[in-house]
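Source file: final.cif. Holds: mmCIF, C-alpha atoms.
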data_structure
#
loop_
_atom_site.label_atom_id
_atom_site.label_comp_id
_atom_site.auth_asym_id
_atom_site.auth_seq_id
_atom_site.Cartn_x
_atom_site.Cartn_y
_atom_site.Cartn_z
CA MET R 33 0.00 0.00 0.00
CA GLU R 34 1.18 3.52 -0.54
CA THR R 35 3.26 5.04 2.23
CA PRO R 36 2.54 8.44 3.83
CA GLU R 37 5.34 9.85 1.66
CA ASN R 38 3.98 8.77 -1.72
CA ARG R 39 0.27 8.64 -0.90
CA PRO R 40 -1.55 10.80 -3.49
CA GLU R 41 -3.44 13.79 -2.28
CA LEU R 42 -7.00 13.13 -3.32
CA PRO R 43 -9.27 15.94 -4.56
CA LYS R 44 -11.78 17.82 -2.53
CA SER R 45 -15.48 17.77 -3.26
CA PRO R 46 -16.37 20.91 -5.23
CA ARG R 47 -20.12 20.79 -4.76
CA PRO R 48 -21.57 23.71 -2.72
CA PRO R 49 -23.89 22.97 0.18
CA ARG R 50 -27.56 22.34 -0.56
CA ARG R 51 -29.78 25.04 0.85
CA ARG R 52 -33.12 24.28 2.38
CA GLY R 53 -35.37 27.32 2.40
CA ARG R 54 -38.99 28.37 2.73
CA THR R 55 -40.21 25.96 0.03
CA THR R 56 -38.88 22.98 1.98
CA LEU R 57 -40.63 24.17 5.14
CA LEU R 58 -43.93 24.58 3.28
CA ILE R 59 -43.67 21.08 1.81
CA ALA R 60 -42.85 19.67 5.24
CA GLY R 61 -45.87 21.44 6.74
CA ALA R 62 -48.16 20.07 4.04
CA ALA R 63 -46.83 16.57 4.65
CA VAL R 64 -47.58 16.81 8.37
CA LEU R 65 -51.16 17.93 7.67
CA GLY R 66 -51.59 15.03 5.24
CA VAL R 67 -50.43 12.53 7.84
CA VAL R 68 -52.82 13.90 10.47
CA ALA R 69 -55.76 13.77 8.04
CA GLY R 70 -54.89 10.21 7.10
CA VAL R 71 -54.75 9.07 10.71
CA VAL R 72 -58.16 10.61 11.51
CA THR R 73 -59.75 8.98 8.43
CA GLY R 74 -58.20 5.63 9.32
CA TYR R 75 -59.66 5.68 12.82
CA ALA R 76 -63.11 6.55 11.44
CA VAL R 77 -63.05 3.63 9.00
CA GLN R 78 -61.77 1.11 11.53
CA TYR R 79 -64.38 2.12 14.10
CA ASP R 80 -67.24 0.55 12.06
CA ARG R 81 -65.40 -2.70 11.19
CA GLU R 82 -65.57 -6.05 12.94
CA PRO R 83 -62.32 -7.05 14.68
CA THR R 84 -60.07 -9.30 12.59
CA PRO R 85 -58.53 -12.33 14.37
CA LEU R 86 -54.72 -12.36 14.55
CA PRO R 87 -52.74 -15.12 12.77
CA PRO R 88 -51.19 -17.84 14.96
CA LEU R 89 -47.87 -16.97 16.56
CA SER R 90 -46.27 -20.23 15.43
CA GLN R 91 -45.20 -19.97 11.77
CA PRO R 92 -42.58 -22.69 11.21
CA GLU R 93 -42.58 -22.29 7.43
CA LEU R 94 -41.71 -18.58 7.53
CA SER R 95 -38.45 -18.15 5.58
CA ASP R 96 -35.80 -15.45 5.70
CA SER R 97 -36.22 -12.45 3.43
CA LYS R 98 -34.42 -12.90 0.13
CA THR R 99 -33.94 -10.68 -2.89
CA VAL R 100 -36.43 -11.28 -5.66
CA PRO R 101 -35.10 -11.96 -9.19
CA ALA R 102 -35.97 -9.41 -11.85
CA GLY R 103 -39.01 -10.14 -13.98
CA ALA R 104 -41.63 -8.48 -16.15
CA SER R 105 -43.14 -6.73 -13.13
CA THR R 106 -39.82 -5.47 -11.75
CA THR R 107 -39.78 -1.73 -11.07
CA ALA R 108 -37.13 0.74 -9.93
CA GLN R 109 -38.70 0.68 -6.47
CA SER R 110 -38.55 -3.10 -6.16
CA VAL R 111 -34.92 -3.08 -7.31
CA ASN R 112 -34.05 -0.56 -4.59
CA VAL R 113 -35.84 -2.66 -1.97
CA ASN R 114 -33.86 -5.75 -3.00
CA ARG R 115 -30.58 -3.87 -2.83
CA GLN R 116 -31.42 -2.43 0.57
CA VAL R 117 -32.01 -5.96 1.93
CA LYS R 118 -28.50 -6.86 0.81
CA THR R 119 -26.68 -3.72 1.98
CA ASP R 120 -28.37 -3.50 5.39
CA GLY R 121 -26.20 -6.37 6.63
CA ASP R 122 -22.44 -6.34 7.20
CA LEU R 123 -21.25 -4.04 4.43
CA ARG R 124 -17.71 -5.40 4.73
CA LYS R 125 -18.89 -8.74 3.34
CA LEU R 126 -19.83 -7.02 0.09
CA LEU R 127 -16.28 -5.79 -0.54
CA VAL R 128 -14.63 -7.49 -3.49
CA ARG R 129 -12.10 -10.12 -2.45
CA LYS R 130 -8.42 -9.64 -3.17
CA PRO R 131 -7.15 -11.58 -6.19
CA LYS R 132 -4.95 -14.65 -5.94
CA GLY R 133 -1.35 -13.77 -5.27
CA ALA R 134 -2.21 -10.42 -3.69
CA THR R 135 -1.07 -9.70 -0.16
CA ALA R 136 -2.79 -7.75 2.58
CA ASP R 137 -1.59 -7.44 6.16
CA LYS R 138 -3.98 -7.33 9.07
CA SER R 139 -4.34 -3.54 8.92
CA GLN R 140 -5.41 -3.77 5.27
CA ALA R 141 -8.09 -6.45 5.66
CA ALA R 142 -11.77 -5.59 5.20
CA ASP R 143 -12.67 -3.18 7.98
CA TRP R 144 -14.60 -0.05 8.89
CA MET R 145 -13.17 3.40 8.22
CA SER R 146 -14.12 6.47 10.22
CA LEU R 147 -15.22 9.65 8.49
CA ILE R 148 -12.18 11.46 9.91
CA GLU R 149 -9.83 8.84 8.41
CA TYR R 150 -11.55 9.07 5.04
CA ALA R 151 -11.50 12.87 4.90
CA GLY R 152 -7.86 12.87 6.01
CA ASP R 153 -6.74 11.54 2.60
CA PHE R 154 -7.98 14.62 0.74
CA LYS R 155 -6.19 17.90 0.03
CA LYS R 156 -8.53 19.81 2.34
CA PRO R 157 -9.68 17.35 5.02
CA ASP R 158 -11.81 19.93 6.83
CA ARG R 159 -13.74 20.77 3.67
CA MET R 160 -14.31 17.10 2.80
CA PHE R 161 -15.36 16.34 6.38
CA GLU R 162 -17.97 19.12 6.27
CA ASP R 163 -19.23 18.02 2.84
CA MET R 164 -19.60 14.43 3.98
CA LEU R 165 -21.44 15.41 7.17
CA ARG R 166 -23.90 17.44 5.12
CA ASP R 167 -24.69 14.38 3.00
CA ASP R 168 -25.27 12.24 6.10
CA PRO R 169 -23.00 9.20 5.57
CA ARG R 170 -23.97 6.06 7.45
CA ARG R 171 -20.72 4.05 7.35
CA ILE R 172 -17.64 3.31 5.24
CA ALA R 173 -16.26 -0.18 4.59
CA THR R 174 -12.75 -0.49 3.14
CA THR R 175 -10.17 -3.03 2.04
CA SER R 176 -6.79 -2.84 0.30
CA TRP R 177 -4.04 -5.08 -1.04
CA GLY R 178 -0.79 -5.08 -2.99
CA GLN R 179 0.54 -7.20 -5.86
CA ARG R 180 4.18 -7.85 -6.78
CA GLY R 181 5.25 -4.73 -4.94
CA GLU R 182 4.04 -2.53 -7.79
CA VAL R 183 0.23 -2.58 -7.82
CA PHE R 184 -1.72 -1.18 -4.87
CA VAL R 185 -5.51 -1.15 -4.62
CA THR R 186 -7.96 0.37 -2.14
CA VAL R 187 -11.72 -0.21 -2.34
CA ASN R 188 -14.18 1.91 -0.36
CA LEU R 189 -17.92 1.38 -0.01
CA ILE R 190 -19.50 4.60 1.28
CA GLN R 191 -23.07 4.10 2.42
CA PHE R 192 -25.37 7.07 2.99
CA ARG R 193 -28.55 7.20 5.04
CA ASP R 194 -30.15 8.61 1.90
CA ASP R 195 -33.52 9.37 3.48
CA ASP R 196 -34.31 11.69 0.58
CA ARG R 197 -32.71 9.36 -2.05
CA LEU R 198 -30.37 12.21 -3.05
CA SER R 199 -27.25 12.04 -0.91
CA ALA R 200 -25.52 9.08 -2.59
CA PRO R 201 -26.10 10.12 -6.22
CA GLU R 202 -25.29 13.77 -5.53
CA TRP R 203 -22.07 12.91 -3.74
CA GLY R 204 -21.00 10.46 -6.44
CA LEU R 205 -21.75 12.90 -9.26
CA GLY R 206 -20.00 15.67 -7.32
CA GLN R 207 -16.83 13.57 -7.21
CA GLN R 208 -17.06 12.80 -10.93
CA ALA R 209 -17.62 16.44 -11.85
CA TYR R 210 -13.97 17.50 -11.57
CA MET R 211 -12.18 14.31 -12.67
CA SER R 212 -11.70 15.60 -16.23
CA HIS R 213 -9.65 18.57 -14.98
CA ASP R 214 -5.93 18.53 -15.76
CA ASP R 215 -5.07 18.45 -12.04
CA TYR R 216 -6.88 15.11 -11.74
CA ALA R 217 -7.54 12.40 -14.37
CA GLY R 218 -7.47 14.85 -17.29
CA ASN R 219 -10.19 12.94 -19.17
CA ASN R 220 -13.88 12.05 -18.99
CA GLY R 221 -13.24 8.44 -18.09
CA LYS R 222 -14.88 5.32 -19.53
CA PRO R 223 -18.42 4.22 -18.61
CA ILE R 224 -18.82 0.93 -16.76
CA PRO R 225 -21.34 -1.21 -18.69
CA GLY R 226 -24.57 -1.75 -16.76
CA SER R 227 -23.62 0.65 -13.98
CA GLY R 228 -25.81 3.62 -14.83
CA ASN R 229 -23.34 6.47 -14.53
CA GLY R 230 -20.31 4.66 -13.07
CA ARG R 231 -16.96 5.53 -14.68
CA VAL R 232 -13.33 4.42 -14.69
CA TYR R 233 -10.75 7.22 -14.80
CA VAL R 234 -7.18 6.33 -15.76
CA TYR R 235 -5.04 9.39 -15.09
CA ASP R 236 -3.27 10.87 -18.11
CA GLU R 237 -0.26 11.91 -16.03
CA PRO R 238 1.42 10.13 -13.11
CA LEU R 239 1.71 11.61 -9.65
CA ARG R 240 5.21 13.07 -9.32
CA LYS R 241 7.11 14.04 -6.21
CA ALA R 242 10.76 15.01 -5.90
CA GLY R 243 12.90 12.07 -4.78
CA TYR R 244 10.29 9.42 -5.64
CA GLU R 245 9.40 7.34 -8.66
CA PRO R 246 6.23 8.49 -10.48
CA VAL R 247 3.01 6.77 -9.42
CA TYR R 248 0.42 5.98 -12.07
CA GLN R 249 -3.15 5.85 -10.88
CA ALA R 250 -6.80 5.30 -11.71
CA ARG R 251 -10.01 5.98 -9.83
CA VAL R 252 -13.44 4.37 -10.09
CA ILE R 253 -16.63 6.10 -8.97
CA ALA R 254 -19.98 4.32 -9.26
CA ARG R 255 -23.18 3.88 -7.27
CA ARG R 256 -25.66 1.17 -6.34
CA GLY R 257 -28.66 2.48 -4.38
CA ASP R 258 -27.39 4.21 -1.23
CA VAL R 259 -23.79 2.94 -1.64
CA VAL R 260 -21.10 4.82 -3.55
CA MET R 261 -18.29 2.53 -4.70
CA GLU R 262 -14.82 4.03 -4.95
CA ILE R 263 -11.65 2.25 -6.11
CA TRP R 264 -8.11 3.64 -6.10
CA TYR R 265 -5.76 1.63 -8.31
CA MET R 266 -2.05 2.53 -8.41
CA ASN R 267 1.05 1.24 -10.15
CA ASN R 268 4.57 2.45 -9.38
CA THR R 269 6.23 1.06 -12.53
CA ARG R 270 3.92 1.63 -15.51
CA LYS R 271 0.62 3.18 -16.58
CA VAL R 272 -2.41 1.52 -15.04
CA SER R 273 -4.22 -1.03 -17.21
CA GLU R 274 -7.71 0.23 -17.95
CA LYS R 275 -8.80 -3.35 -18.65
CA ALA R 276 -7.65 -4.50 -15.19
CA VAL R 277 -9.41 -1.62 -13.43
CA MET R 278 -12.63 -2.12 -15.42
CA SER R 279 -12.64 -5.83 -14.55
CA LEU R 280 -12.25 -5.05 -10.84
CA ALA R 281 -15.00 -2.41 -11.02
CA LYS R 282 -17.42 -4.91 -12.59
CA GLN R 283 -16.64 -7.49 -9.91
CA GLN R 284 -17.37 -5.00 -7.13
CA LEU R 285 -20.60 -3.84 -8.73
CA GLU R 286 -21.77 -7.44 -9.05
CA ARG R 287 -21.26 -7.95 -5.32
CA LEU R 288 -23.49 -4.94 -4.65
#

Would you mind writing the file's structure down as structure tokens?
Amino acid sequence: METPENRPELPKSPRPPRRRGRTTLLIAGAAVLGVVAGVVTGYAVQYDREPTPLPPLSQPELSDSKTVPAGASTTAQSVNVNRQVKTDGDLRKLLVRKPKGATADKSQAADWMSLIEYAGDFKKPDRMFEDMLRDDPRRIATTSWGQRGEVFVTVNLIQFRDDDRLSAPEWGLGQQAYMSHDDYAGNNGKPIPGSGNGRVYVYDEPLRKAGYEPVYQARVIARRGDVVMEIWYMNNTRKVSEKAVMSLAKQQLERL
């Protein structure tokens, strides 16, 4: 894994804070009135109905909840429900496994990462920390490994609470927005098939620092439901293989 000396300084999030003004308050007020009206109507209807007997407590054939395969009646909502069932468990188990021959010491095994640790890898940690807090992250799972002493990979799964279904996509798109700048990847990246708007960015120029060999890098940013997938892929001897990064990105998306 990269050392503190050659660790790349990752970019800050450029997206300005979302403002919630008078319109939001009016909508919230209308929602509250709707809920109250619904509760009153419900009580009125139930008052005239005969009581319904409860089902027996013993239900031996009740099975665990499983995701439902896609079919003709599959909708965007049902897909999100299925994904939520999967990601509500131990998020670390959804991290892609290191390839054969790769090495990872105990500190690099699948684990949780604090928001302070994550923000600390960016150029302006305080700015990133504030941005992340605004988007209400739930947790971050991470893993990393090295291969042949030249390839180093870190995979982060950043899950948001996403109560308004906006935090994850907005944060992911905000990170993608500046990747084409010369200070970062310098290109628009390549779309990941079947990912929606996920992209692989292989940097045009390596990271250079006096006294050190150049480090070639790539970054993946994609999303599944309330989870933003981020991969950092680095090589200290040659330009990163786009094919290798794309293959890893597809594997991680499949696990989500």

task: List the residues selected by the PyMOL selection byres ((chain R and resi 256-260) around 6) in the file shown, writing them as a PyMOL selection string.
output: chain R and resi 189-192+200+254-255+261

Nearest to Asp236 (chain R) by atom-to-atom distance, counting all atoms listed in the file, from R:Glu162, R:Gly206, R:Arg270, R:Ile224: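 Of R:Glu162, R:Gly206, R:Arg270, R:Ile224, the one nearest Asp236 (chain R) is R:Arg270, counting all atoms listed in the file.
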
field: Residue among R:Gly226, R:Pro169, R:Gly218, R:Pro238 lying closest to Leu198 (chain R), counting only C-alpha atoms
entry: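 Comparing R:Gly226, R:Pro169, R:Gly218, R:Pro238 against Leu198 (chain R), the winner is R:Pro169.
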
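We find CA of Thr119 (chain R) and CA of Leu147 (chain R) to be spaced 18.8 Å apart.
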
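With CA of Asp168 (chain R) on one side and CA of Pro201 (chain R) on the other, the separation reads 12.5 Å.
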
If you take all atoms listed in the file and a cut-off of 10 Å, which residues of region 246-286 of chain R touch region 179-186 of chain R, and what are their nearest atom pairs and distances in Å to one decimal, in chain and number order, as a tab-separated table?
residue	atom	partner	partner_atom	distance
R:Val247	CA	R:Glu182	CA	9.5
R:Tyr248	CA	R:Val183	CA	9.6
R:Gln249	CA	R:Phe184	CA	9.4
R:Ala250	CA	R:Val185	CA	9.7
R:Arg251	CA	R:Thr186	CA	9.7
R:Glu262	CA	R:Thr186	CA	8.3
R:Ile263	CA	R:Thr186	CA	5.7
R:Trp264	CA	R:Thr186	CA	5.1
R:Tyr265	CA	R:Val185	CA	4.6
R:Met266	CA	R:Phe184	CA	5.1
R:Asn267	CA	R:Val183	CA	4.5
R:Asn268	CA	R:Glu182	CA	5.3
R:Thr269	CA	R:Glu182	CA	6.3
R:Arg270	CA	R:Glu182	CA	8.8
R:Val272	CA	R:Val183	CA	8.7
R:Val277	CA	R:Val185	CA	9.6
R:Leu280	CA	R:Val185	CA	10.0

Evaluate the PyMOL selection byres ((chain R and resi 160) around 10) against this structure - the residues, as a PDB file with C-alpha atoms, keeping the file's coordinate frame, please.
ATOM      1  CA  PRO R  43      -9.270  15.940  -4.560  1.00  0.00           C
ATOM      2  CA  LYS R  44     -11.780  17.820  -2.530  1.00  0.00           C
ATOM      3  CA  SER R  45     -15.480  17.770  -3.260  1.00  0.00           C
ATOM      4  CA  PRO R  46     -16.370  20.910  -5.230  1.00  0.00           C
ATOM      5  CA  LEU R 147     -15.220   9.650   8.490  1.00  0.00           C
ATOM      6  CA  ILE R 148     -12.180  11.460   9.910  1.00  0.00           C
ATOM      7  CA  TYR R 150     -11.550   9.070   5.040  1.00  0.00           C
ATOM      8  CA  ALA R 151     -11.500  12.870   4.900  1.00  0.00           C
ATOM      9  CA  GLY R 152      -7.860  12.870   6.010  1.00  0.00           C
ATOM     10  CA  ASP R 153      -6.740  11.540   2.600  1.00  0.00           C
ATOM     11  CA  PHE R 154      -7.980  14.620   0.740  1.00  0.00           C
ATOM     12  CA  LYS R 155      -6.190  17.900   0.030  1.00  0.00           C
ATOM     13  CA  LYS R 156      -8.530  19.810   2.340  1.00  0.00           C
ATOM     14  CA  PRO R 157      -9.680  17.350   5.020  1.00  0.00           C
ATOM     15  CA  ASP R 158     -11.810  19.930   6.830  1.00  0.00           C
ATOM     16  CA  ARG R 159     -13.740  20.770   3.670  1.00  0.00           C
ATOM     17  CA  PHE R 161     -15.360  16.340   6.380  1.00  0.00           C
ATOM     18  CA  GLU R 162     -17.970  19.120   6.270  1.00  0.00           C
ATOM     19  CA  ASP R 163     -19.230  18.020   2.840  1.00  0.00           C
ATOM     20  CA  MET R 164     -19.600  14.430   3.980  1.00  0.00           C
ATOM     21  CA  LEU R 165     -21.440  15.410   7.170  1.00  0.00           C
ATOM     22  CA  ARG R 166     -23.900  17.440   5.120  1.00  0.00           C
TER      23      ARG R 166
END

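The interatomic distance for the pair CA of Ala134 (chain R) and CA of Glu237 (chain R) works out to 25.6 Å.
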
field: Residue neighbourhood Asn220 (chain R), 9 Å, all atoms listed in the file, exclusion window fewer than 4 positions, as an MDAnalysis selection string
entry: chainID R and resid 208 211:213 231:233

Just-selected residues, C-alpha atoms written as a PDB file, keeping the file's coordinate frame:
ATOM      1  CA  GLN R 208     -17.060  12.800 -10.930  1.00  0.00           C
ATOM      2  CA  MET R 211     -12.180  14.310 -12.670  1.00  0.00           C
ATOM      3  CA  SER R 212     -11.700  15.600 -16.230  1.00  0.00           C
ATOM      4  CA  HIS R 213      -9.650  18.570 -14.980  1.00  0.00           C
ATOM      5  CA  ARG R 231     -16.960   5.530 -14.680  1.00  0.00           C
ATOM      6  CA  VAL R 232     -13.330   4.420 -14.690  1.00  0.00           C
ATOM      7  CA  TYR R 233     -10.750   7.220 -14.800  1.00  0.00           C
TER       8      TYR R 233
END

task: Name the residues captured by the PyMOL selection byres ((chain R and resi 126) around 12) when it is applied to the shown file; answer as a PyMOL selection string.
output: chain R and resi 115+118-125+127-129+142-143+172-175+187-191+256+259+261+283-288

statement: From the list R:Met278, R:Pro131, R:Gly243, R:Lys271, the nearest residue to Lys222 (chain R) using only C-alpha atoms is R:Met278

- line: Min atom-atom distance to Gly230 (chain R) from the set R:Ala242, R:Ala136, R:Ala281, R:Ala141, counting only C-alpha atoms, belongs to R:Ala281

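Using all atoms listed in the file, the nearest neighbour of Trp203 (chain R) within the list R:Ile253, R:Lys132, R:Pro225, R:Met145 is R:Ile253.
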
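Nearest-residue note for Trp177 (chain R): choosing from R:Gly133, R:Ser199, R:Ser273, R:Lys282, the minimum distance belongs to R:Gly133, counting only C-alpha atoms.
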